$ cat input17.cif   # mmCIF, C-alpha atoms
data_model
loop_
_atom_site.label_atom_id
_atom_site.label_comp_id
_atom_site.auth_asym_id
_atom_site.auth_seq_id
_atom_site.Cartn_x
_atom_site.Cartn_y
_atom_site.Cartn_z
CA MET A 19 25.14 44.46 -10.73
CA SER A 20 24.58 42.60 -7.49
CA SER A 21 21.47 40.79 -6.32
CA THR A 22 20.37 38.37 -3.63
CA SER A 23 18.55 35.10 -4.27
CA ALA A 24 14.97 34.66 -3.08
CA ALA A 25 16.11 31.81 -0.81
CA ALA A 26 18.70 34.04 0.87
CA ARG A 27 16.20 36.91 1.25
CA ASN A 28 13.62 34.51 2.73
CA ALA A 29 16.18 33.16 5.23
CA ALA A 30 17.18 36.70 6.27
CA VAL A 31 13.56 37.84 6.63
CA ASN A 32 12.66 34.73 8.66
CA ALA A 33 15.62 35.30 11.00
CA MET A 34 14.77 38.98 11.53
CA THR A 35 11.05 38.49 12.03
CA ALA A 36 11.62 35.59 14.47
CA LEU A 37 13.18 38.15 16.83
CA LEU A 38 9.68 39.61 17.24
CA ASN A 39 7.96 36.42 18.48
CA GLY A 40 5.87 37.54 21.46
CA GLY A 41 7.13 41.12 21.09
CA PHE A 42 5.29 44.41 20.75
CA LEU A 43 4.37 47.05 18.19
CA ARG A 44 4.63 50.47 19.85
CA LEU A 45 3.32 53.75 18.46
CA TYR A 46 5.05 57.03 19.32
CA SER A 47 4.55 60.74 18.75
CA GLY A 48 7.34 63.23 18.13
CA THR A 49 10.27 63.29 15.75
CA PRO A 50 11.29 59.77 14.74
CA PRO A 51 14.85 58.82 15.73
CA ALA A 52 17.32 58.45 12.85
CA ASN A 53 17.03 54.65 12.93
CA ALA A 54 15.88 51.72 15.07
CA ASP A 55 19.17 51.72 17.02
CA ALA A 56 18.91 55.38 18.03
CA ALA A 57 17.53 56.22 21.47
CA LEU A 58 14.11 57.75 21.88
CA SER A 59 14.35 61.46 22.66
CA GLY A 60 11.30 63.27 23.99
CA ASN A 61 8.93 60.83 22.30
CA THR A 62 5.66 59.77 23.92
CA GLN A 63 4.49 56.17 23.66
CA LEU A 64 0.85 56.40 22.58
CA ALA A 65 -0.11 52.73 22.40
CA GLU A 66 1.22 49.18 22.32
CA GLY A 67 -0.04 46.09 20.53
CA THR A 68 1.08 42.55 21.33
CA ILE A 69 2.73 40.60 18.51
CA ALA A 70 1.80 36.92 18.14
CA ASN A 71 4.19 34.00 18.56
CA PRO A 72 5.16 33.20 15.87
CA ALA A 73 5.21 36.86 14.85
CA PHE A 74 5.24 36.36 11.06
CA ALA A 75 4.31 33.71 8.54
CA ALA A 76 7.20 32.12 6.62
CA ALA A 77 8.75 34.46 4.08
CA SER A 78 8.10 34.07 0.37
CA GLY A 79 9.75 36.17 -2.31
CA GLY A 80 11.69 38.04 0.39
CA ALA A 81 8.52 39.19 2.19
CA ALA A 82 6.70 38.03 5.33
CA THR A 83 3.30 39.10 6.66
CA ALA A 84 2.73 39.46 10.40
CA ASN A 85 0.34 37.17 12.19
CA ALA A 86 -2.28 38.83 14.40
CA ILE A 87 -1.19 41.89 16.35
CA GLY A 88 -3.39 42.40 19.38
CA GLN A 89 -5.14 45.75 19.56
CA ASP A 90 -4.56 48.10 22.47
CA ASN A 91 -7.87 48.54 24.29
CA SER A 92 -6.52 51.34 26.47
CA ASN A 93 -4.10 53.68 24.70
CA ASP A 94 -1.33 55.04 26.92
CA ALA A 95 -1.57 58.70 25.84
CA SER A 96 -3.27 61.06 23.40
CA GLY A 97 -1.49 62.32 20.31
CA SER A 98 -0.66 61.93 16.63
CA PRO A 99 1.36 58.80 15.85
CA SER A 100 4.45 59.71 13.84
CA PHE A 101 6.37 56.43 13.94
CA PHE A 102 6.27 52.86 15.19
CA ARG A 103 8.78 50.45 16.56
CA MET A 104 8.49 46.68 16.56
CA VAL A 105 10.41 45.40 19.58
CA THR A 106 11.36 42.05 21.08
CA SER A 107 9.61 40.72 24.16
CA GLY A 108 12.53 42.27 26.10
CA GLY A 109 12.02 45.71 24.49
CA ALA A 110 14.95 45.78 22.02
CA ALA A 111 14.04 47.58 18.78
CA VAL A 112 14.10 45.48 15.61
CA PHE A 113 12.18 47.61 13.05
CA GLN A 114 11.14 51.26 12.94
CA GLY A 115 8.98 53.09 10.41
CA LEU A 116 6.64 56.02 9.90
CA ALA A 117 3.08 55.66 11.19
CA ALA A 118 -0.09 57.10 9.71
CA VAL A 119 -3.87 56.93 10.07
CA SER A 120 -6.40 56.80 7.22
CA TRP A 121 -7.30 60.19 5.74
CA LEU A 122 -10.74 61.46 6.76
CA GLY A 123 -12.84 64.13 5.06
CA SER A 124 -13.99 67.29 6.89
CA THR A 125 -11.49 66.66 9.68
CA ALA A 126 -9.25 69.16 11.49
CA TYR A 127 -5.57 68.29 11.07
CA VAL A 128 -2.56 69.83 12.81
CA VAL A 129 0.99 70.24 11.53
CA GLY A 130 2.78 66.91 11.78
CA ASP A 131 -0.30 64.67 11.43
CA ARG A 132 0.39 61.80 9.04
CA VAL A 133 -2.27 60.16 6.87
CA VAL A 134 -2.55 57.50 4.22
CA ASN A 135 -4.71 58.24 1.19
CA GLY A 136 -4.78 55.69 -1.61
CA SER A 137 -1.40 53.99 -1.50
CA ASN A 138 0.58 57.06 -0.41
CA GLN A 139 1.53 58.65 2.90
CA TYR A 140 1.36 62.41 3.57
CA ARG A 141 2.43 64.77 6.40
CA CYS A 142 0.40 67.87 7.27
CA THR A 143 2.49 71.02 6.79
CA VAL A 144 -0.27 73.64 7.24
CA ALA A 145 -3.03 73.02 9.78
CA GLY A 146 -6.61 73.12 8.61
CA THR A 147 -9.78 71.18 7.94
CA SER A 148 -9.60 68.68 5.09
CA ALA A 149 -11.97 68.72 2.12
CA ALA A 150 -15.20 66.74 2.41
CA SER A 151 -13.91 64.13 -0.06
CA GLY A 152 -10.86 63.26 -2.11
CA GLY A 153 -7.91 63.97 0.14
CA PRO A 154 -4.29 64.59 -0.81
CA THR A 155 -3.00 63.01 -4.01
CA GLY A 156 0.21 63.22 -5.96
CA THR A 157 3.83 63.53 -4.95
CA GLY A 158 4.27 67.24 -4.29
CA ALA A 159 5.49 69.11 -1.24
CA SER A 160 2.51 71.48 -1.05
CA ILE A 161 -0.75 69.61 -1.76
CA THR A 162 -3.91 71.56 -0.93
CA ASP A 163 -6.79 69.63 0.66
CA GLY A 164 -9.55 71.99 1.80
CA GLY A 165 -7.85 74.18 4.40
CA ALA A 166 -5.02 71.70 5.11
CA THR A 167 -1.76 71.39 3.17
CA TRP A 168 0.15 68.13 2.83
CA ALA A 169 3.61 66.95 1.76
CA PHE A 170 4.06 63.58 0.09
CA GLU A 171 6.30 61.28 2.17
CA GLY A 172 6.33 58.14 0.04
CA PRO A 173 4.43 54.93 -0.50
CA ALA A 174 2.31 53.96 2.50
CA VAL A 175 3.99 51.50 4.86
CA GLY A 176 0.89 50.74 6.90
CA VAL A 177 -2.33 52.23 8.21
CA ILE A 178 -3.31 52.52 11.87
CA GLY A 179 -6.96 52.24 12.83
CA SER A 180 -7.53 54.86 15.51
CA GLY A 181 -11.25 54.54 16.07
CA GLY A 182 -12.32 57.41 13.80
CA GLY A 183 -9.88 60.30 14.03
CA PRO A 184 -6.40 61.52 13.09
CA ARG A 185 -5.06 61.20 16.62
CA LEU A 186 -5.04 58.49 19.27
CA VAL A 187 -6.90 59.25 22.49
CA ALA A 188 -5.69 58.06 25.90
CA GLY A 189 -7.87 55.18 27.04
CA GLY A 190 -9.17 54.65 23.48
CA THR A 191 -8.30 51.80 21.13
CA PHE A 192 -6.15 51.27 18.07
CA SER A 193 -5.73 48.32 15.75
CA ILE A 194 -3.34 47.23 13.01
CA SER A 195 -4.87 45.35 10.10
CA SER A 196 -1.63 44.02 8.60
CA VAL A 197 2.14 44.42 8.58
CA THR A 198 4.44 43.10 5.85
CA PHE A 199 8.23 43.15 6.01
CA THR A 200 10.02 43.03 2.64
CA LEU A 201 13.73 42.67 1.92
CA PRO A 202 14.40 44.01 -1.61
CA ALA A 203 16.25 41.83 -4.13
CA ALA A 204 18.96 44.38 -4.90
#
$ encode --input "input17.cif" --output "structure tokens"
Amino acid sequence: MSSTSAAARNAAVNAMTALLNGGFLRLYSGTPPANADAALSGNTQLAEGTIANPAFAAASGGAATANAIGQDNSNDASGSPSFFRMVTSGGAAVFQGLAAVSWLGSTAYVVGDRVVNGSNQYRCTVAGTSAASGGPTGTGASITDGGATWAFEGPAVGVIGSGGGPRLVAGGTFSISSVTFTLPAA
């Protein structure tokens, strides 16, 4: 069995997160590329937040939490965020992950919308209006929520504040409350 010491994980996390000093967090719609090195293909940039310098606090236990990420007071385009990229000040991708907004009751969702409910992330597979309360729960591939159907995608990575809806609106605002990067021990 192999493992990495906390000191080594902290050093690696600090080196990676330092690349983001003064960089940007960008939200995109469309199919996420295979990884952070893959080129964007038909994706629309919906919004961009400015990352602080320094970008993250010092790592502890192989994890680092981002310092303030400035909100975008004028979103670039309208759409459902499906993934994010954290990029250097020069635009080189460092991290990529799925993006989701908080689940809302009695809200119309379209196929591909992503939400966080509790500590889990879900993707809408059948369009419809969500139930008045509760939202998707569990880990199934066909979770009924009012008239919408959801598929479990995994533990939530982060939640995007979109100003009260499942999609970002051009000229509107979005905010990120927190971002944590963790390098597992094994």
$ resolve_selection --input "input17.cif" --expression "the PyMOL selection byres ((chain A and resi 108-123) around 6)" --output "NGL selection string"
:A and (54 or 99-107 or 124-125 or 132-135 or 148-151 or 177-178)
$ closest_residue --input "input17.cif" --among "A:Asp163, A:Asp55, A:Gly80, A:Gly88" --to "Gly41 of chain A" --atoms "only C-alpha atoms"
A:Gly88
$ closest_residue --input "input17.cif" --among "A:Ala159, A:Ile87, A:Val128, A:Met34" --to "Ile69 of chain A" --atoms "only C-alpha atoms"
A:Ile87
$ closest_residue --input "input17.cif" --among "A:Leu43, A:Ala82, A:Ala166, A:Val144" --to "Pro202 of chain A" --atoms "only C-alpha atoms"
A:Ala82
$ atom_distance --input "input17.cif" --atom1 "atom CA of Thr68 of chain A" --atom2 "atom CA of Phe199 of chain A"
16.9 Å
$ resolve_selection --input "input17.cif" --expression "the PyMOL selection byres ((chain A and resi 63-65) around 7)" --output "VMD selection string"
chain A and resid 44 to 47 61 to 62 66 to 67 90 93 to 97
$ write_last_selection --input "input17.cif" --atoms "C-alpha atoms" --output "PDB file, in the coordinates of the input"
ATOM      1  CA  ARG A  44       4.630  50.470  19.850  1.00  0.00           C
ATOM      2  CA  LEU A  45       3.320  53.750  18.460  1.00  0.00           C
ATOM      3  CA  TYR A  46       5.050  57.030  19.320  1.00  0.00           C
ATOM      4  CA  SER A  47       4.550  60.740  18.750  1.00  0.00           C
ATOM      5  CA  ASN A  61       8.930  60.830  22.300  1.00  0.00           C
ATOM      6  CA  THR A  62       5.660  59.770  23.920  1.00  0.00           C
ATOM      7  CA  GLU A  66       1.220  49.180  22.320  1.00  0.00           C
ATOM      8  CA  GLY A  67      -0.040  46.090  20.530  1.00  0.00           C
ATOM      9  CA  ASP A  90      -4.560  48.100  22.470  1.00  0.00           C
ATOM     10  CA  ASN A  93      -4.100  53.680  24.700  1.00  0.00           C
ATOM     11  CA  ASP A  94      -1.330  55.040  26.920  1.00  0.00           C
ATOM     12  CA  ALA A  95      -1.570  58.700  25.840  1.00  0.00           C
ATOM     13  CA  SER A  96      -3.270  61.060  23.400  1.00  0.00           C
ATOM     14  CA  GLY A  97      -1.490  62.320  20.310  1.00  0.00           C
TER      15      GLY A  97
END
$ resolve_selection --input "input17.cif" --expression "the PyMOL selection byres ((chain A and resi 169) around 6)" --output "compact mmCIF listing (two decimals) with C-alpha atoms, in the coordinates of the input"
# COMPACT_ATOMS: atom_id res chain seq x y z
CA TYR A 140 1.36 62.41 3.57
CA ARG A 141 2.43 64.77 6.40
CA ALA A 159 5.49 69.11 -1.24
CA SER A 160 2.51 71.48 -1.05
CA TRP A 168 0.15 68.13 2.83
CA PHE A 170 4.06 63.58 0.09
$ atom_distance --input "input17.cif" --atom1 "atom CA of Ala77 of chain A" --atom2 "atom CA of Phe42 of chain A"
19.7 Å
$ residues_around --input "input17.cif" --residues "Ala30 of chain A" --least-positions-apart "2" --cutoff "12 Å" --atoms "only C-alpha atoms" --output "CSV table (one decimal) with C-alpha atoms, in the coordinates of the input"
chain,number,residue,atom,x,y,z
A,22,THR,CA,20.4,38.4,-3.6
A,23,SER,CA,18.6,35.1,-4.3
A,24,ALA,CA,15.0,34.7,-3.1
A,25,ALA,CA,16.1,31.8,-0.8
A,26,ALA,CA,18.7,34.0,0.9
A,27,ARG,CA,16.2,36.9,1.2
A,28,ASN,CA,13.6,34.5,2.7
A,32,ASN,CA,12.7,34.7,8.7
A,33,ALA,CA,15.6,35.3,11.0
A,34,MET,CA,14.8,39.0,11.5
A,35,THR,CA,11.0,38.5,12.0
A,36,ALA,CA,11.6,35.6,14.5
A,37,LEU,CA,13.2,38.2,16.8
A,76,ALA,CA,7.2,32.1,6.6
A,77,ALA,CA,8.8,34.5,4.1
A,78,SER,CA,8.1,34.1,0.4
A,79,GLY,CA,9.8,36.2,-2.3
A,80,GLY,CA,11.7,38.0,0.4
A,81,ALA,CA,8.5,39.2,2.2
A,82,ALA,CA,6.7,38.0,5.3
A,199,PHE,CA,8.2,43.2,6.0
A,200,THR,CA,10.0,43.0,2.6
A,201,LEU,CA,13.7,42.7,1.9
A,202,PRO,CA,14.4,44.0,-1.6
A,203,ALA,CA,16.2,41.8,-4.1
$ atom_distance --input "input17.cif" --atom1 "atom CA of Asn71 of chain A" --atom2 "atom CA of Asn39 of chain A"
4.5 Å
$ closest_residue --input "input17.cif" --among "A:Ser21, A:Asn53, A:Asn138, A:Thr191" --to "Gly156 of chain A" --atoms "only C-alpha atoms"
A:Asn138
